[in-house]
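What follows is coords.pdb (PDB, C-alpha atoms).
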```
ATOM      1  CA  MET E   1      95.247 215.567 132.266
ATOM      2  CA  TYR E   2      96.798 212.717 130.311
ATOM      3  CA  PHE E   3      98.867 209.986 131.950
ATOM      4  CA  ASN E   4      99.903 206.662 130.437
ATOM      5  CA  LYS E   5     100.958 204.200 133.129
ATOM      6  CA  LYS E   6     102.514 201.727 130.672
ATOM      7  CA  TYR E   7     104.921 204.281 129.199
ATOM      8  CA  PHE E   8     105.713 205.676 132.639
ATOM      9  CA  LEU E   9     106.642 202.229 133.990
ATOM     10  CA  ILE E  10     108.900 201.670 130.979
ATOM     11  CA  PHE E  11     110.422 205.116 131.609
ATOM     12  CA  LEU E  12     111.150 204.242 135.256
ATOM     13  CA  SER E  13     112.681 200.910 134.244
ATOM     14  CA  LEU E  14     114.917 202.540 131.649
ATOM     15  CA  LEU E  15     115.893 205.242 134.126
ATOM     16  CA  ALA E  16     117.039 202.540 136.554
ATOM     17  CA  VAL E  17     119.041 200.845 133.795
ATOM     18  CA  GLU E  18     120.651 204.164 132.773
ATOM     19  CA  ILE E  19     121.597 204.918 136.387
ATOM     20  CA  LEU E  20     123.125 201.452 136.766
ATOM     21  CA  ILE E  21     125.087 201.917 133.536
ATOM     22  CA  ALA E  22     126.332 205.335 134.674
ATOM     23  CA  LEU E  23     127.389 204.049 138.091
ATOM     24  CA  PHE E  24     128.839 200.647 137.305
ATOM     25  CA  VAL E  25     129.761 200.267 133.630
ATOM     26  CA  LYS E  26     133.095 201.655 132.450
ATOM     27  CA  ASP E  27     133.564 200.128 129.017
ATOM     28  CA  ARG E  28     133.720 201.277 125.402
ATOM     29  CA  ILE E  29     130.422 199.817 124.137
ATOM     30  CA  ILE E  30     127.649 199.632 126.720
ATOM     31  CA  ARG E  31     128.178 202.952 128.472
ATOM     32  CA  PRO E  32     128.771 205.149 125.419
ATOM     33  CA  PHE E  33     126.672 203.411 122.758
ATOM     34  CA  VAL E  34     123.976 201.390 124.518
ATOM     35  CA  GLY E  35     123.493 204.199 127.043
ATOM     36  CA  ASP E  36     122.870 206.702 124.230
ATOM     37  CA  PHE E  37     120.649 204.235 122.385
ATOM     38  CA  LEU E  38     118.551 203.763 125.522
ATOM     39  CA  VAL E  39     118.467 207.420 126.567
ATOM     40  CA  VAL E  40     116.350 208.434 123.562
ATOM     41  CA  ILE E  41     113.946 205.593 124.322
ATOM     42  CA  LEU E  42     113.880 206.797 127.925
ATOM     43  CA  MET E  43     113.015 210.334 126.776
ATOM     44  CA  TYR E  44     110.446 208.997 124.305
ATOM     45  CA  THR E  45     108.659 206.992 127.002
ATOM     46  CA  PHE E  46     108.680 210.040 129.279
ATOM     47  CA  VAL E  47     107.064 212.153 126.548
ATOM     48  CA  LYS E  48     104.495 209.445 125.808
ATOM     49  CA  SER E  49     103.725 209.172 129.543
ATOM     50  CA  TRP E  50     102.367 212.713 129.613
ATOM     51  CA  TRP E  51     101.369 213.609 126.048
ATOM     52  CA  ASN E  52      99.035 211.628 123.831
ATOM     53  CA  THR E  53     100.821 212.273 120.562
ATOM     54  CA  ARG E  54     101.539 210.125 117.548
ATOM     55  CA  PRO E  55     104.697 208.016 117.895
ATOM     56  CA  VAL E  56     106.409 209.638 114.924
ATOM     57  CA  VAL E  57     105.823 213.140 116.338
ATOM     58  CA  ALA E  58     107.193 212.176 119.748
ATOM     59  CA  GLY E  59     110.090 210.298 118.122
ATOM     60  CA  ILE E  60     111.120 213.199 115.905
ATOM     61  CA  ALA E  61     110.842 215.658 118.804
ATOM     62  CA  VAL E  62     113.080 213.496 121.006
ATOM     63  CA  LEU E  63     115.538 212.939 118.167
ATOM     64  CA  LEU E  64     115.785 216.661 117.393
ATOM     65  CA  PHE E  65     116.300 217.425 121.076
ATOM     66  CA  SER E  66     119.066 214.804 121.226
ATOM     67  CA  TYR E  67     120.736 216.284 118.155
ATOM     68  CA  PHE E  68     120.484 219.729 119.773
ATOM     69  CA  VAL E  69     122.237 218.532 122.930
ATOM     70  CA  GLU E  70     124.943 216.867 120.838
ATOM     71  CA  THR E  71     125.356 220.139 118.918
ATOM     72  CA  LEU E  72     125.871 221.920 122.249
ATOM     73  CA  GLN E  73     128.662 219.438 122.909
ATOM     74  CA  TYR E  74     130.189 220.154 119.499
ATOM     75  CA  PHE E  75     130.347 223.858 120.341
ATOM     76  CA  GLN E  76     131.658 223.068 123.865
ATOM     77  CA  VAL E  77     128.863 225.012 125.548
ATOM     78  CA  VAL E  78     129.726 223.539 128.948
ATOM     79  CA  ASP E  79     133.171 225.150 128.716
ATOM     80  CA  LEU E  80     131.812 228.396 127.273
ATOM     81  CA  LEU E  81     129.463 228.700 130.251
ATOM     82  CA  GLY E  82     132.193 227.730 132.725
ATOM     83  CA  LEU E  83     130.307 224.615 133.843
ATOM     84  CA  ARG E  84     132.919 221.901 133.221
ATOM     85  CA  ASP E  85     133.520 221.486 136.965
ATOM     86  CA  ASN E  86     129.787 221.239 137.625
ATOM     87  CA  LYS E  87     129.124 217.487 137.629
ATOM     88  CA  PHE E  88     125.375 217.922 137.061
ATOM     89  CA  TRP E  89     125.606 220.112 133.931
ATOM     90  CA  SER E  90     128.618 218.266 132.554
ATOM     91  CA  THR E  91     126.618 215.051 132.775
ATOM     92  CA  ILE E  92     123.310 216.446 131.486
ATOM     93  CA  ILE E  93     124.730 218.417 128.542
ATOM     94  CA  GLY E  94     127.840 216.324 128.056
ATOM     95  CA  ILE E  95     131.300 217.489 127.129
ATOM     96  CA  THR E  96     132.349 215.396 124.150
ATOM     97  CA  PHE E  97     130.793 215.461 120.679
ATOM     98  CA  ASP E  98     130.801 212.114 118.878
ATOM     99  CA  TRP E  99     129.150 211.136 115.588
ATOM    100  CA  ARG E 100     128.546 207.692 117.076
ATOM    101  CA  ASP E 101     126.185 209.338 119.576
ATOM    102  CA  ILE E 102     124.158 210.715 116.664
ATOM    103  CA  LEU E 103     124.035 207.190 115.225
ATOM    104  CA  ALA E 104     122.982 205.707 118.594
ATOM    105  CA  TYR E 105     120.203 208.307 119.004
ATOM    106  CA  THR E 106     118.947 207.687 115.478
ATOM    107  CA  LEU E 107     118.974 203.894 115.866
ATOM    108  CA  GLY E 108     117.230 204.176 119.247
ATOM    109  CA  ILE E 109     114.365 206.212 117.810
ATOM    110  CA  LEU E 110     114.101 203.989 114.730
ATOM    111  CA  CYS E 111     113.892 200.975 117.040
ATOM    112  CA  VAL E 112     111.171 202.515 119.209
ATOM    113  CA  LEU E 113     109.151 203.554 116.153
ATOM    114  CA  LEU E 114     109.464 200.043 114.715
ATOM    115  CA  VAL E 115     108.278 198.529 118.003
ATOM    116  CA  GLU E 116     105.383 201.003 118.107
ATOM    117  CA  LYS E 117     104.382 200.083 114.568
ATOM    118  CA  LEU E 118     104.614 196.326 115.209
ATOM    119  CA  THR E 119     102.642 196.518 118.466
ATOM    120  CA  LYS E 120      99.832 198.611 116.942
ATOM    121  CA  LYS E 121      98.928 195.863 114.494
TER     122      LYS E 121
END
```
Let me see whether you can do it: turn the structure in this file into structure tokens.
Amino acid sequence: MYFNKKYFLIFLSLLAVEILIALFVKDRIIRPFVGDFLVVILMYTFVKSWWNTRPVVAGIAVLLFSYFVETLQYFQVVDLLGLRDNKFWSTIIGITFDWRDILAYTLGILCVLLVEKLTKK
């Protein structure tokens, strides 16, 4: 079994930051943009905690998953499934499509891949 303590500690730290943002930040920049930027890094570090895969493979997988979830928002899947009143699923899947989220996800993964490249040298 593979486990990377470094990535897992980063994951836990980012999870704490994301929870704090969700609970206490109600603005138009940090919560929507920085939160989305960080969430792909959070998912990336989770993947790298358990799977020993190349950074680009993990990054692309996380990015595609993020795009998929955003696509579900575009097609209003939460409403189609009658889950809008379910706080858990409305939060996990989301209810509002926004191209800026796609940008935030993309920039987050590009940032993590750049950091991975710079720290491998």
Please write as a list of chain:residue names the full residue list that the PyMOL selection byres ((chain E and resi 2) around 10) yields on this file. E:Met1, E:Phe3, E:Asn4, E:Lys5, E:Lys48, E:Ser49, E:Trp50, E:Trp51, E:Asn52
Residue nearest Thr106 of chain E - candidates E:Val77, E:Ile19, E:Leu12, E:Val62, atoms counted: all atoms listed in the file: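 The answer is E:Val62, which sits nearest to Thr106 of chain E.
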List the neighbours of Arg100 of chain E out to 12 Å using all atoms listed in the file; skip same-chain residues closer than 2 positions along the sequence, and give me the result as a PyMOL selection string. chain E and resi 28-29+32-37+67+70+96-98+102-107
May I have the residues from that selection written out with C-alpha atoms, as a PDB file, in the frame of the given file?
```
ATOM      1  CA  ARG E  28     133.720 201.277 125.402  1.00  0.00           C
ATOM      2  CA  ILE E  29     130.422 199.817 124.137  1.00  0.00           C
ATOM      3  CA  PRO E  32     128.771 205.149 125.419  1.00  0.00           C
ATOM      4  CA  PHE E  33     126.672 203.411 122.758  1.00  0.00           C
ATOM      5  CA  VAL E  34     123.976 201.390 124.518  1.00  0.00           C
ATOM      6  CA  GLY E  35     123.493 204.199 127.043  1.00  0.00           C
ATOM      7  CA  ASP E  36     122.870 206.702 124.230  1.00  0.00           C
ATOM      8  CA  PHE E  37     120.649 204.235 122.385  1.00  0.00           C
ATOM      9  CA  TYR E  67     120.736 216.284 118.155  1.00  0.00           C
ATOM     10  CA  GLU E  70     124.943 216.867 120.838  1.00  0.00           C
ATOM     11  CA  THR E  96     132.349 215.396 124.150  1.00  0.00           C
ATOM     12  CA  PHE E  97     130.793 215.461 120.679  1.00  0.00           C
ATOM     13  CA  ASP E  98     130.801 212.114 118.878  1.00  0.00           C
ATOM     14  CA  ILE E 102     124.158 210.715 116.664  1.00  0.00           C
ATOM     15  CA  LEU E 103     124.035 207.190 115.225  1.00  0.00           C
ATOM     16  CA  ALA E 104     122.982 205.707 118.594  1.00  0.00           C
ATOM     17  CA  TYR E 105     120.203 208.307 119.004  1.00  0.00           C
ATOM     18  CA  THR E 106     118.947 207.687 115.478  1.00  0.00           C
ATOM     19  CA  LEU E 107     118.974 203.894 115.866  1.00  0.00           C
TER      20      LEU E 107
END
```
Test item: residues at most 10 Å from segment 110-121 of chain E, all atoms listed in the file, excluding those fewer than 6 positions along its chain, as an mmCIF file with C-alpha atoms, in the frame of the given file:
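Okay, around.cif is ready:
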```
data_model
loop_
_atom_site.group_PDB
_atom_site.id
_atom_site.type_symbol
_atom_site.label_atom_id
_atom_site.label_comp_id
_atom_site.auth_asym_id
_atom_site.auth_seq_id
_atom_site.Cartn_x
_atom_site.Cartn_y
_atom_site.Cartn_z
ATOM 1 C CA PHE E 37 120.649 204.235 122.385
ATOM 2 C CA LEU E 38 118.551 203.763 125.522
ATOM 3 C CA VAL E 40 116.350 208.434 123.562
ATOM 4 C CA ILE E 41 113.946 205.593 124.322
ATOM 5 C CA TYR E 44 110.446 208.997 124.305
ATOM 6 C CA THR E 45 108.659 206.992 127.002
ATOM 7 C CA ARG E 54 101.539 210.125 117.548
ATOM 8 C CA PRO E 55 104.697 208.016 117.895
ATOM 9 C CA VAL E 56 106.409 209.638 114.924
ATOM 10 C CA ALA E 58 107.193 212.176 119.748
ATOM 11 C CA GLY E 59 110.090 210.298 118.122
ATOM 12 C CA ILE E 60 111.120 213.199 115.905
ATOM 13 C CA LEU E 63 115.538 212.939 118.167
ATOM 14 C CA ALA E 104 122.982 205.707 118.594
#
```
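Between atom CA of Ile10 of chain E and atom CA of Leu42 of chain E the separation is 7.8 Å.
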For the PyMOL selection byres ((chain E and resi 78) around 8), applied here, can you spell out every residue it catches as number ranges by chain? E: 72-73, 76-77, 79-84, 89-90, 93-95
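When all atoms listed in the file are used to measure the gap to Phe46 of chain E, the shortest distance among E:Asp101, E:Phe75, E:Phe11, E:Asn86 belongs to E:Phe11.
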Distance atom CA of Leu20 of chain E-atom CA of Val39 of chain E, one decimal place?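 Here the two named atoms are 12.7 Å from each other.
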Do you have the atom CA of Ser66 of chain E-atom CA of Thr91 of chain E distance handy?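 Computing it gives 13.8 Å between the two atoms.
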